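Enquirer: The following file, upload-v4.pdb, comprises PDB, C-alpha atoms:
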```pdb
MODEL        1
ATOM      1  CA  MET A   1     -11.683   9.517   2.398
ATOM      2  CA  ILE A   2     -10.625  11.419  -0.720
ATOM      3  CA  THR A   3     -11.195  15.160  -1.041
ATOM      4  CA  ALA A   4     -10.315  17.755  -3.670
ATOM      5  CA  SER A   5      -9.987  21.502  -4.149
ATOM      6  CA  ILE A   6     -10.190  23.876  -7.103
ATOM      7  CA  VAL A   7      -9.072  27.515  -6.945
ATOM      8  CA  THR A   8     -10.893  29.723  -9.440
ATOM      9  CA  TYR A   9     -10.342  33.244 -10.719
ATOM     10  CA  ASN A  10     -13.035  34.876 -12.866
ATOM     11  CA  ASN A  11     -14.214  31.462 -14.049
ATOM     12  CA  ASN A  12     -17.774  30.543 -14.894
ATOM     13  CA  LEU A  13     -19.549  27.194 -14.639
ATOM     14  CA  LEU A  14     -18.717  26.315 -18.232
ATOM     15  CA  ASP A  15     -15.007  26.571 -17.383
ATOM     16  CA  LEU A  16     -15.501  24.028 -14.577
ATOM     17  CA  GLU A  17     -17.756  21.593 -16.418
ATOM     18  CA  GLY A  18     -14.946  19.190 -17.366
ATOM     19  CA  ILE A  19     -13.344  18.951 -13.948
ATOM     20  CA  LEU A  20     -16.681  18.691 -12.137
ATOM     21  CA  ARG A  21     -17.773  15.807 -14.384
ATOM     22  CA  SER A  22     -14.420  14.116 -13.771
ATOM     23  CA  LEU A  23     -14.760  14.431 -10.002
ATOM     24  CA  LEU A  24     -18.360  13.212 -10.028
ATOM     25  CA  ILE A  25     -17.352   9.903 -11.620
ATOM     26  CA  SER A  26     -14.416   9.467  -9.237
ATOM     27  CA  PRO A  27     -14.331   8.181  -5.634
ATOM     28  CA  VAL A  28     -14.032  11.731  -4.306
ATOM     29  CA  GLU A  29     -16.320  12.530  -1.392
ATOM     30  CA  LYS A  30     -15.972  16.300  -1.079
ATOM     31  CA  VAL A  31     -14.795  19.153  -3.277
ATOM     32  CA  TRP A  32     -14.049  22.689  -2.139
ATOM     33  CA  ILE A  33     -14.185  25.468  -4.712
ATOM     34  CA  ILE A  34     -12.199  28.478  -3.507
ATOM     35  CA  ASP A  35     -13.273  31.462  -5.601
ATOM     36  CA  HIS A  36     -10.835  34.374  -5.910
ATOM     37  CA  SER A  37     -12.874  36.091  -8.597
ATOM     38  CA  ASP A  38     -13.322  39.822  -8.978
ATOM     39  CA  GLU A  39     -16.891  39.259 -10.093
ATOM     40  CA  PHE A  40     -18.761  38.787  -6.832
ATOM     41  CA  LEU A  41     -21.255  35.893  -6.587
ATOM     42  CA  ARG A  42     -21.330  35.092 -10.318
ATOM     43  CA  LEU A  43     -19.916  31.593  -9.972
ATOM     44  CA  GLU A  44     -21.754  30.942  -6.727
ATOM     45  CA  GLY A  45     -25.119  31.533  -8.367
ATOM     46  CA  GLU A  46     -24.250  29.270 -11.289
ATOM     47  CA  LEU A  47     -23.101  26.505  -8.954
ATOM     48  CA  LEU A  48     -26.254  26.707  -6.855
ATOM     49  CA  GLU A  49     -28.332  26.332 -10.006
ATOM     50  CA  TYR A  50     -26.139  23.439 -11.126
ATOM     51  CA  MET A  51     -26.563  21.613  -7.807
ATOM     52  CA  ARG A  52     -30.332  22.063  -7.938
ATOM     53  CA  LYS A  53     -30.880  20.968 -11.518
ATOM     54  CA  ASP A  54     -28.030  18.817 -12.844
ATOM     55  CA  GLU A  55     -29.150  15.189 -12.898
ATOM     56  CA  ASP A  56     -25.644  13.740 -12.590
ATOM     57  CA  PHE A  57     -24.836  15.932  -9.605
ATOM     58  CA  ILE A  58     -28.123  15.039  -7.900
ATOM     59  CA  LYS A  59     -27.451  11.333  -8.492
ATOM     60  CA  HIS A  60     -23.938  11.456  -7.086
ATOM     61  CA  SER A  61     -24.868  13.706  -4.170
ATOM     62  CA  GLY A  62     -27.215  10.896  -3.183
ATOM     63  CA  ARG A  63     -24.176   8.646  -2.652
ATOM     64  CA  GLY A  64     -22.528  11.284  -0.444
ATOM     65  CA  PHE A  65     -20.720  13.572  -2.883
ATOM     66  CA  ARG A  66     -20.479  17.100  -1.465
ATOM     67  CA  LEU A  67     -19.541  20.380  -3.102
ATOM     68  CA  GLU A  68     -18.744  23.475  -1.036
ATOM     69  CA  TYR A  69     -18.214  26.935  -2.490
ATOM     70  CA  MET A  70     -16.180  29.563  -0.647
ATOM     71  CA  LYS A  71     -15.572  33.161  -1.764
ATOM     72  CA  ARG A  72     -12.241  34.481  -0.498
ATOM     73  CA  ASN A  73      -9.979  37.454  -1.096
ATOM     74  CA  ASN A  74      -7.285  36.565  -3.589
ATOM     75  CA  LYS A  75      -4.157  35.857  -1.559
ATOM     76  CA  GLY A  76      -2.687  33.437  -4.053
ATOM     77  CA  TYR A  77      -3.023  29.960  -5.514
ATOM     78  CA  GLY A  78      -1.360  28.116  -2.668
ATOM     79  CA  CYS A  79      -3.208  30.126  -0.049
ATOM     80  CA  GLY A  80      -6.523  29.214  -1.674
ATOM     81  CA  HIS A  81      -5.751  25.506  -1.688
ATOM     82  CA  ASN A  82      -4.491  25.722   1.888
ATOM     83  CA  ILE A  83      -7.980  26.765   3.005
ATOM     84  CA  ALA A  84      -9.274  23.459   1.649
ATOM     85  CA  LEU A  85      -6.280  21.449   2.877
ATOM     86  CA  ARG A  86      -6.814  22.638   6.444
ATOM     87  CA  LYS A  87     -10.464  21.593   6.188
ATOM     88  CA  ALA A  88      -9.463  18.251   4.683
ATOM     89  CA  ILE A  89      -7.157  17.628   7.646
ATOM     90  CA  GLU A  90      -9.903  18.611  10.096
ATOM     91  CA  GLU A  91     -12.398  16.270   8.425
ATOM     92  CA  GLY A  92     -10.038  13.296   8.409
ATOM     93  CA  SER A  93      -9.305  13.046   4.697
ATOM     94  CA  HIS A  94      -6.639  10.497   3.763
ATOM     95  CA  TYR A  95      -5.899  11.781   0.248
ATOM     96  CA  HIS A  96      -6.469  15.181  -1.301
ATOM     97  CA  LEU A  97      -6.426  16.259  -4.930
ATOM     98  CA  VAL A  98      -5.186  19.749  -5.791
ATOM     99  CA  VAL A  99      -6.413  20.368  -9.324
ATOM    100  CA  ASN A 100      -6.789  23.200 -11.837
ATOM    101  CA  PRO A 101     -10.151  24.228 -13.321
ATOM    102  CA  ASP A 102      -8.863  23.477 -16.836
ATOM    103  CA  VAL A 103      -8.219  19.760 -16.216
ATOM    104  CA  TRP A 104     -10.389  16.741 -16.940
ATOM    105  CA  PHE A 105      -9.924  12.963 -16.800
ATOM    106  CA  GLY A 106     -11.613   9.571 -16.918
ATOM    107  CA  ALA A 107     -13.083   7.422 -14.170
ATOM    108  CA  GLU A 108      -9.969   5.224 -14.012
ATOM    109  CA  VAL A 109      -7.548   7.933 -12.868
ATOM    110  CA  ILE A 110      -8.309   8.501  -9.176
ATOM    111  CA  PRO A 111      -8.786   4.784  -8.364
ATOM    112  CA  ALA A 112      -5.390   4.007  -9.963
ATOM    113  CA  LEU A 113      -3.624   6.707  -7.934
ATOM    114  CA  TRP A 114      -5.489   5.649  -4.807
ATOM    115  CA  ARG A 115      -4.331   2.020  -5.230
ATOM    116  CA  LEU A 116      -0.767   3.196  -5.761
ATOM    117  CA  MET A 117      -0.847   5.179  -2.526
ATOM    118  CA  GLU A 118      -2.435   2.311  -0.592
ATOM    119  CA  GLU A 119       0.209  -0.131  -1.816
ATOM    120  CA  ASP A 120       3.183   2.096  -0.984
ATOM    121  CA  GLU A 121       2.990   4.283   2.104
ATOM    122  CA  LYS A 122       6.233   6.010   1.096
ATOM    123  CA  VAL A 123       4.452   7.800  -1.754
ATOM    124  CA  ALA A 124       3.317  11.299  -0.750
ATOM    125  CA  LEU A 125       2.481  12.813  -4.137
ATOM    126  CA  VAL A 126       1.509  11.454  -7.540
ATOM    127  CA  MET A 127       0.968  13.175 -10.878
ATOM    128  CA  PRO A 128      -0.304  11.175 -13.875
ATOM    129  CA  LYS A 129       0.745  11.737 -17.466
ATOM    130  CA  VAL A 130      -0.573  15.148 -18.551
ATOM    131  CA  LEU A 131      -1.685  15.601 -22.158
ATOM    132  CA  PHE A 132      -2.414  18.519 -24.456
ATOM    133  CA  LEU A 133      -5.756  18.507 -26.270
ATOM    134  CA  ASP A 134      -4.089  16.855 -29.276
ATOM    135  CA  GLY A 135      -2.827  13.982 -27.137
ATOM    136  CA  SER A 136       0.830  15.045 -27.007
ATOM    137  CA  VAL A 137       2.629  14.942 -23.654
ATOM    138  CA  GLN A 138       3.116  17.975 -21.451
ATOM    139  CA  ARG A 139       6.557  17.663 -19.876
ATOM    140  CA  LEU A 140       5.641  18.619 -16.334
ATOM    141  CA  ALA A 141       7.902  16.246 -14.383
ATOM    142  CA  LYS A 142      11.165  18.092 -13.935
ATOM    143  CA  LEU A 143      14.425  18.421 -12.084
ATOM    144  CA  LEU A 144      14.818  21.120  -9.461
ATOM    145  CA  PRO A 145      15.640  24.307 -11.355
ATOM    146  CA  THR A 146      18.781  26.394 -11.276
ATOM    147  CA  PRO A 147      18.501  30.164 -11.845
ATOM    148  CA  LEU A 148      19.727  29.637 -15.419
ATOM    149  CA  ASP A 149      17.001  27.056 -16.069
ATOM    150  CA  LEU A 150      14.222  29.480 -15.168
ATOM    151  CA  PHE A 151      15.555  32.862 -16.207
ATOM    152  CA  GLY A 152      16.937  31.362 -19.405
ATOM    153  CA  ARG A 153      13.466  30.203 -20.443
ATOM    154  CA  PHE A 154      12.263  33.785 -20.190
ATOM    155  CA  PHE A 155      15.161  35.779 -21.544
ATOM    156  CA  LEU A 156      17.443  33.639 -23.730
ATOM    157  CA  PRO A 157      16.871  32.368 -27.289
ATOM    158  CA  GLN A 158      15.399  28.878 -27.386
ATOM    159  CA  TRP A 159      18.272  27.469 -29.466
ATOM    160  CA  LEU A 160      20.784  28.557 -26.847
ATOM    161  CA  ILE A 161      19.157  26.720 -23.964
ATOM    162  CA  ALA A 162      17.459  23.856 -25.846
ATOM    163  CA  LYS A 163      19.831  21.144 -24.612
ATOM    164  CA  ARG A 164      19.698  22.394 -21.029
ATOM    165  CA  ASN A 165      15.914  22.698 -21.188
ATOM    166  CA  ASP A 166      15.594  19.117 -22.478
ATOM    167  CA  ARG A 167      17.565  17.912 -19.453
ATOM    168  CA  PHE A 168      15.519  20.049 -17.048
ATOM    169  CA  GLU A 169      12.268  18.646 -18.466
ATOM    170  CA  LEU A 170      13.620  15.071 -18.467
ATOM    171  CA  ARG A 171      12.782  14.617 -22.151
ATOM    172  CA  HIS A 172      15.260  11.760 -22.476
ATOM    173  CA  SER A 173      13.074   9.700 -20.119
ATOM    174  CA  GLY A 174      10.442   9.305 -22.821
ATOM    175  CA  TYR A 175       7.736  10.086 -20.248
ATOM    176  CA  ASP A 176       6.671   6.458 -20.490
ATOM    177  CA  THR A 177       7.840   5.081 -17.162
ATOM    178  CA  GLU A 178       7.247   5.799 -13.491
ATOM    179  CA  MET A 179       9.757   8.335 -12.133
ATOM    180  CA  ASN A 180      10.490   9.626  -8.652
ATOM    181  CA  VAL A 181      11.156  13.311  -9.395
ATOM    182  CA  PRO A 182      11.597  16.405  -7.195
ATOM    183  CA  PHE A 183       9.336  18.773  -9.179
ATOM    184  CA  LEU A 184       5.769  17.981 -10.243
ATOM    185  CA  SER A 185       3.253  20.431 -11.674
ATOM    186  CA  GLY A 186       0.582  21.966  -9.473
ATOM    187  CA  CYS A 187      -2.087  21.453 -12.133
ATOM    188  CA  PHE A 188      -2.824  18.002 -10.657
ATOM    189  CA  MET A 189      -1.397  16.853  -7.329
ATOM    190  CA  PHE A 190      -2.760  13.737  -5.643
ATOM    191  CA  LEU A 191      -1.460  14.106  -2.098
ATOM    192  CA  ARG A 192      -1.197  11.974   1.020
ATOM    193  CA  VAL A 193      -2.675  14.146   3.780
ATOM    194  CA  SER A 194      -0.538  12.642   6.569
ATOM    195  CA  ALA A 195       2.603  13.651   4.637
ATOM    196  CA  LEU A 196       1.320  17.215   4.413
ATOM    197  CA  GLN A 197       0.724  17.215   8.140
ATOM    198  CA  SER A 198       4.352  16.301   8.758
ATOM    199  CA  GLU A 199       6.049  18.354   6.004
ATOM    200  CA  GLY A 200       3.685  21.318   5.674
ATOM    201  CA  ILE A 201       1.151  22.588   3.175
ATOM    202  CA  PHE A 202       1.750  25.266   0.501
ATOM    203  CA  ASP A 203       4.133  28.086   1.373
ATOM    204  CA  GLU A 204       1.924  31.170   1.130
ATOM    205  CA  ARG A 205       4.838  33.468   0.393
ATOM    206  CA  PHE A 206       4.435  32.347  -3.207
ATOM    207  CA  PHE A 207       1.383  34.199  -4.546
ATOM    208  CA  MET A 208       1.398  32.207  -7.782
ATOM    209  CA  TYR A 209       4.027  30.028  -9.502
ATOM    210  CA  MET A 210       6.850  28.098  -7.777
ATOM    211  CA  GLU A 211       4.593  26.916  -4.945
ATOM    212  CA  ASP A 212       4.433  23.525  -6.673
ATOM    213  CA  VAL A 213       8.239  23.248  -6.892
ATOM    214  CA  ASP A 214       8.533  24.185  -3.231
ATOM    215  CA  ILE A 215       5.999  21.687  -1.900
ATOM    216  CA  THR A 216       7.206  18.857  -4.145
ATOM    217  CA  ARG A 217      10.814  19.186  -3.024
ATOM    218  CA  ARG A 218       9.808  19.316   0.640
ATOM    219  CA  LEU A 219       7.815  16.102   0.258
ATOM    220  CA  HIS A 220      10.516  14.545  -1.934
ATOM    221  CA  ALA A 221      13.041  14.942   0.872
ATOM    222  CA  LYS A 222      11.143  12.392   3.006
ATOM    223  CA  TYR A 223       8.850  10.531   0.588
ATOM    224  CA  LYS A 224       8.442   9.488  -3.031
ATOM    225  CA  THR A 225       6.935  12.075  -5.388
ATOM    226  CA  LEU A 226       5.976  10.126  -8.479
ATOM    227  CA  PHE A 227       5.228  10.742 -12.117
ATOM    228  CA  TYR A 228       2.853   7.886 -12.978
ATOM    229  CA  PRO A 229       2.189   7.474 -16.727
ATOM    230  CA  SER A 230      -0.124   4.460 -16.482
ATOM    231  CA  VAL A 231      -3.077   6.871 -16.425
ATOM    232  CA  SER A 232      -3.397  10.262 -18.065
ATOM    233  CA  ILE A 233      -5.348  13.504 -17.821
ATOM    234  CA  TYR A 234      -5.979  16.452 -20.149
ATOM    235  CA  HIS A 235      -4.926  20.005 -19.329
ATOM    236  CA  ARG A 236      -5.514  23.233 -21.253
ATOM    237  CA  PHE A 237      -1.977  24.462 -20.712
ATOM    238  CA  SER A 238      -1.645  28.158 -21.670
ATOM    239  CA  ARG A 239       1.587  29.478 -20.083
ATOM    240  CA  LEU A 240      -0.048  32.859 -19.545
ATOM    241  CA  SER A 241       2.980  34.203 -17.693
ATOM    242  CA  TYR A 242       4.930  34.021 -20.952
ATOM    243  CA  HIS A 243       2.372  36.218 -22.727
ATOM    244  CA  LYS A 244       0.976  38.650 -20.129
ATOM    245  CA  TRP A 245       3.355  41.157 -18.605
ATOM    246  CA  HIS A 246       1.754  41.419 -15.154
ATOM    247  CA  LEU A 247       1.791  37.622 -14.806
ATOM    248  CA  SER A 248       5.419  37.561 -15.923
ATOM    249  CA  LEU A 249       6.241  39.949 -13.074
ATOM    250  CA  ILE A 250       4.410  37.728 -10.583
ATOM    251  CA  HIS A 251       6.271  34.710 -11.942
ATOM    252  CA  MET A 252       9.643  36.434 -11.680
ATOM    253  CA  SER A 253       8.850  37.584  -8.144
ATOM    254  CA  SER A 254       8.086  33.994  -7.133
ATOM    255  CA  VAL A 255      11.276  32.747  -8.793
ATOM    256  CA  VAL A 256      13.323  35.252  -6.771
ATOM    257  CA  LYS A 257      11.544  34.200  -3.548
ATOM    258  CA  TYR A 258      12.185  30.553  -4.350
ATOM    259  CA  PHE A 259      15.943  30.976  -4.831
ATOM    260  CA  CYS A 260      16.195  33.243  -1.789
ATOM    261  CA  LYS A 261      14.592  30.437   0.212
ATOM    262  CA  TRP A 262      16.530  27.472  -1.186
ATOM    263  CA  GLY A 263      19.739  29.004  -2.532
ATOM    264  CA  TRP A 264      20.854  30.649  -5.750
ATOM    265  CA  VAL A 265      24.243  29.027  -6.310
ATOM    266  CA  TYR A 266      24.570  26.549  -3.470
ATOM    267  CA  ASP A 267      21.607  24.221  -2.991
ATOM    268  CA  ARG A 268      22.797  20.877  -1.636
ATOM    269  CA  ASP A 269      19.437  19.131  -1.991
ATOM    270  CA  ARG A 270      18.995  20.345  -5.564
ATOM    271  CA  ARG A 271      22.283  18.763  -6.539
ATOM    272  CA  ARG A 272      21.546  15.551  -4.637
ATOM    273  CA  PHE A 273      17.949  15.110  -5.779
ATOM    274  CA  ASN A 274      18.704  15.873  -9.430
ATOM    275  CA  LYS A 275      21.696  13.550  -9.517
ATOM    276  CA  ARG A 276      19.656  10.711  -8.036
ATOM    277  CA  THR A 277      16.765  11.262 -10.452
ATOM    278  CA  LEU A 278      19.034  11.273 -13.504
ATOM    279  CA  LYS A 279      20.838   8.161 -12.274
ATOM    280  CA  GLU A 280      17.563   6.273 -11.787
ATOM    281  CA  ILE A 281      16.333   7.229 -15.255
ATOM    282  CA  LYS A 282      19.638   6.196 -16.831
ATOM    283  CA  SER A 283      19.595   2.844 -15.041
ATOM    284  CA  PHE A 284      16.065   2.137 -16.189
ATOM    285  CA  ARG A 285      16.847   3.046 -19.808
ATOM    286  CA  GLU A 286      19.953   0.861 -19.813
ATOM    287  CA  ALA A 287      18.033  -2.071 -18.354
ATOM    288  CA  ARG A 288      15.285  -1.642 -20.967
ATOM    289  CA  GLU A 289      17.820  -1.575 -23.803
TER     290      GLU A 289
ENDMDL
END
```
Take the structure in the file and give it back as structure tokens.
Expert:
Amino acid sequence: MITASIVTYNNNLLDLEGILRSLLISPVEKVWIIDHSDEFLRLEGELLEYMRKDEDFIKHSGRGFRLEYMKRNNKGYGCGHNIALRKAIEEGSHYHLVVNPDVWFGAEVIPALWRLMEEDEKVALVMPKVLFLDGSVQRLAKLLPTPLDLFGRFFLPQWLIAKRNDRFELRHSGYDTEMNVPFLSGCFMFLRVSALQSEGIFDERFFMYMEDVDITRRLHAKYKTLFYPSVSIYHRFSRLSYHKWHLSLIHMSSVVKYFCKWGWVYDRDRRRFNKRTLKEIKSFREARE
């Protein structure tokens, strides 16, 4: 059984059209929409109308596809997805997709990730290649960050940290080969539910931002967390925290919480995981050359 969840905030049905179409054509059996919106019942009414009238939804609901809407107080991105993850565990889901509203993909994506998981039980998390609207690659498979990596991106000139940033984002990998990395973006996480049961779901201390780093590294400690470029998705990536002051403050607060949890200067696993990832990438590049 494959399930999925989408956390929304002041979105309307048009915002969700791409991801809903993508999920309808995929082997996903149930989707939870956790609505944190300020505007009460707006999205719920639109979804009810959609489920009554949309021909594609009616067709796929006939094969067992289910969509459940839940309005909840906004306690954060990870907290919202945790509501669905707990339900997925209760209902016996084997794999769960955490996905953003501004993502869409073709019918081949979920089956490919599903096969990968079925073939290798050591894989707990997979993220496909993520593309901008123009087809260029979003570099969302990364090393575990140091304080300089994150604060430097906010406060230092780009030219000063360019080389360090390239390393952090693994640009030298070419993003054209499978990589086992300790940090994958939360915009699209295909997760093995049994791994979440053993290693834990999202840490709700992170209201927004850094929850994806935290959960990836926890899974990476015991399993493989893979970047898988054989299939790709599209993502309207906006980096709002770099442009809106209140989101920047939330981001910085999460960064501080992250380093207080895992270590500012000394982080043994960060050093070990990053070293191993860079070594594997180097070995692959040398073998290919």
Enquirer: Name the residues that the PyMOL selection byres ((chain A and resi 21) around 10) pulls out of this structure, and write them as a list in words.
Expert: Leu16, Glu17, Gly18, Ile19, Leu20, Ser22, Leu23, Leu24, Ile25, Ser26, Asp56, Phe57, Trp104, Phe105, Gly106 and Ala107 of chain A
Enquirer: Quick one: residues within 12 Å of Ala141 (chain A), all atoms listed in the file, excluding same-chain residues fewer than 3 positions away - as an MDAnalysis selection string?
Expert: chainID A and resid 126:130 137:138 144:145 166:189 212:213 216 225:229 274 277
Enquirer: Please evaluate the PyMOL selection byres ((chain A and resi 5) around 9) against the structure above and give the resulting residues as a PyMOL selection string.
Expert: chain A and resi 3-4+6-7+30-34+80-81+84-85+96-100
Enquirer: Apply the PyMOL selection byres ((chain A and resi 37) around 8) to the file shown and report the selected residues as number ranges by chain.
Expert: A: 8-11, 35-36, 38-40, 71, 74
Enquirer: Closest to Ile2 (chain A) among A:Met70, A:Ile281, A:Leu14, A:Leu113, using only C-alpha atoms?
Expert: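 Selected residue with least distance to Ile2 (chain A): A:Leu113.
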Enquirer: Do you have the CA of Lys163 (chain A)-CA of Leu148 (chain A) distance handy?
Expert: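 CA of Leu148 (chain A) lies 12.5 Å from CA of Lys163 (chain A).
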Enquirer: My list of candidates is A:Cys79, A:Leu133, A:Ala195, A:Met252. Which is closest to Phe155 (chain A) when distances are computed with only C-alpha atoms?
Expert: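 Comparing A:Cys79, A:Leu133, A:Ala195, A:Met252 against Phe155 (chain A), the winner is A:Met252.
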Enquirer: Which one of A:Ile201, A:Ser136, A:Leu143, A:Arg42 sits closest to Tyr234 (chain A) if you count all atoms listed in the file?
Expert: A:Ser136
Enquirer: What is the CA of Tyr223 (chain A)-CA of Glu90 (chain A) distance in Å, reported with one decimal?
Expert: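 Rounded to one decimal, the two atoms are 22.5 Å apart.
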Enquirer: Give the answer as one residue: which of A:Phe65, A:Val103, A:Thr146, A:Phe207 has the shortest atom-to-atom distance to Gly263 (chain A), using only C-alpha atoms?
Expert: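 Selected residue with least distance to Gly263 (chain A): A:Thr146.
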Enquirer: Measure the distance from CA of Ile161 (chain A) to CA of Asp149 (chain A) in Å and round it to one decimal.
Expert: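 Distance between the two atoms: 8.2 Å.
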Enquirer: Is it possible to dump region 95-160 of chain A as a CSV table (one decimal), in the first residue's frame, including just C-alpha atoms?
Expert:
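So out.csv came out as:
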```csv
chain,number,residue,atom,x,y,z
A,95,TYR,CA,5.4,3.4,1.5
A,96,HIS,CA,4.4,7.0,2.0
A,97,LEU,CA,5.1,10.0,-0.1
A,98,VAL,CA,5.6,13.4,1.6
A,99,VAL,CA,5.2,16.0,-1.2
A,100,ASN,CA,4.7,19.7,-1.6
A,101,PRO,CA,1.7,21.3,-3.3
A,102,ASP,CA,3.9,22.8,-6.0
A,103,VAL,CA,5.2,19.5,-7.4
A,104,TRP,CA,4.0,17.5,-10.3
A,105,PHE,CA,5.3,14.4,-12.2
A,106,GLY,CA,4.6,11.7,-14.7
A,107,ALA,CA,3.1,8.2,-14.3
A,108,GLU,CA,6.5,6.6,-14.3
A,109,VAL,CA,7.9,8.1,-11.2
A,110,ILE,CA,6.1,6.3,-8.3
A,111,PRO,CA,6.4,2.9,-9.9
A,112,ALA,CA,10.1,3.4,-10.4
A,113,LEU,CA,10.7,4.4,-6.8
A,114,TRP,CA,8.4,1.6,-5.6
A,115,ARG,CA,10.5,-1.0,-7.6
A,116,LEU,CA,13.7,0.4,-6.2
A,117,MET,CA,12.4,0.1,-2.6
A,118,GLU,CA,11.1,-3.5,-3.2
A,119,GLU,CA,14.5,-4.6,-4.7
A,120,ASP,CA,16.6,-3.1,-1.8
A,121,GLU,CA,15.1,-3.3,1.7
A,122,LYS,CA,18.0,-1.1,2.9
A,123,VAL,CA,16.6,1.9,1.2
A,124,ALA,CA,14.5,4.1,3.5
A,125,LEU,CA,14.1,7.3,1.5
A,126,VAL,CA,14.3,8.2,-2.2
A,127,MET,CA,14.2,11.5,-3.9
A,128,PRO,CA,14.2,11.7,-7.7
A,129,LYS,CA,15.9,14.4,-9.8
A,130,VAL,CA,14.1,17.7,-9.2
A,131,LEU,CA,13.7,20.1,-12.1
A,132,PHE,CA,12.9,23.8,-12.4
A,133,LEU,CA,10.2,24.7,-14.9
A,134,ASP,CA,12.9,25.3,-17.6
A,135,GLY,CA,14.2,21.8,-17.1
A,136,SER,CA,17.4,22.7,-15.2
A,137,VAL,CA,18.3,20.7,-12.2
A,138,GLN,CA,17.5,21.8,-8.6
A,139,ARG,CA,20.5,20.8,-6.5
A,140,LEU,CA,18.6,19.4,-3.5
A,141,ALA,CA,20.8,16.4,-2.6
A,142,LYS,CA,23.3,17.8,-0.2
A,143,LEU,CA,25.9,17.1,2.5
A,144,LEU,CA,25.0,17.7,6.1
A,145,PRO,CA,25.5,21.4,6.7
A,146,THR,CA,27.9,23.2,9.0
A,147,PRO,CA,26.9,26.5,10.6
A,148,LEU,CA,29.0,28.3,7.9
A,149,ASP,CA,27.2,26.5,5.1
A,150,LEU,CA,23.8,27.8,6.2
A,151,PHE,CA,24.5,31.2,7.8
A,152,GLY,CA,26.9,32.0,4.9
A,153,ARG,CA,24.2,31.5,2.4
A,154,PHE,CA,22.1,34.1,4.1
A,155,PHE,CA,24.7,36.7,5.2
A,156,LEU,CA,27.9,36.4,3.1
A,157,PRO,CA,28.5,37.5,-0.5
A,158,GLN,CA,27.9,34.7,-3.0
A,159,TRP,CA,31.5,35.0,-4.5
A,160,LEU,CA,33.0,34.4,-1.0
```
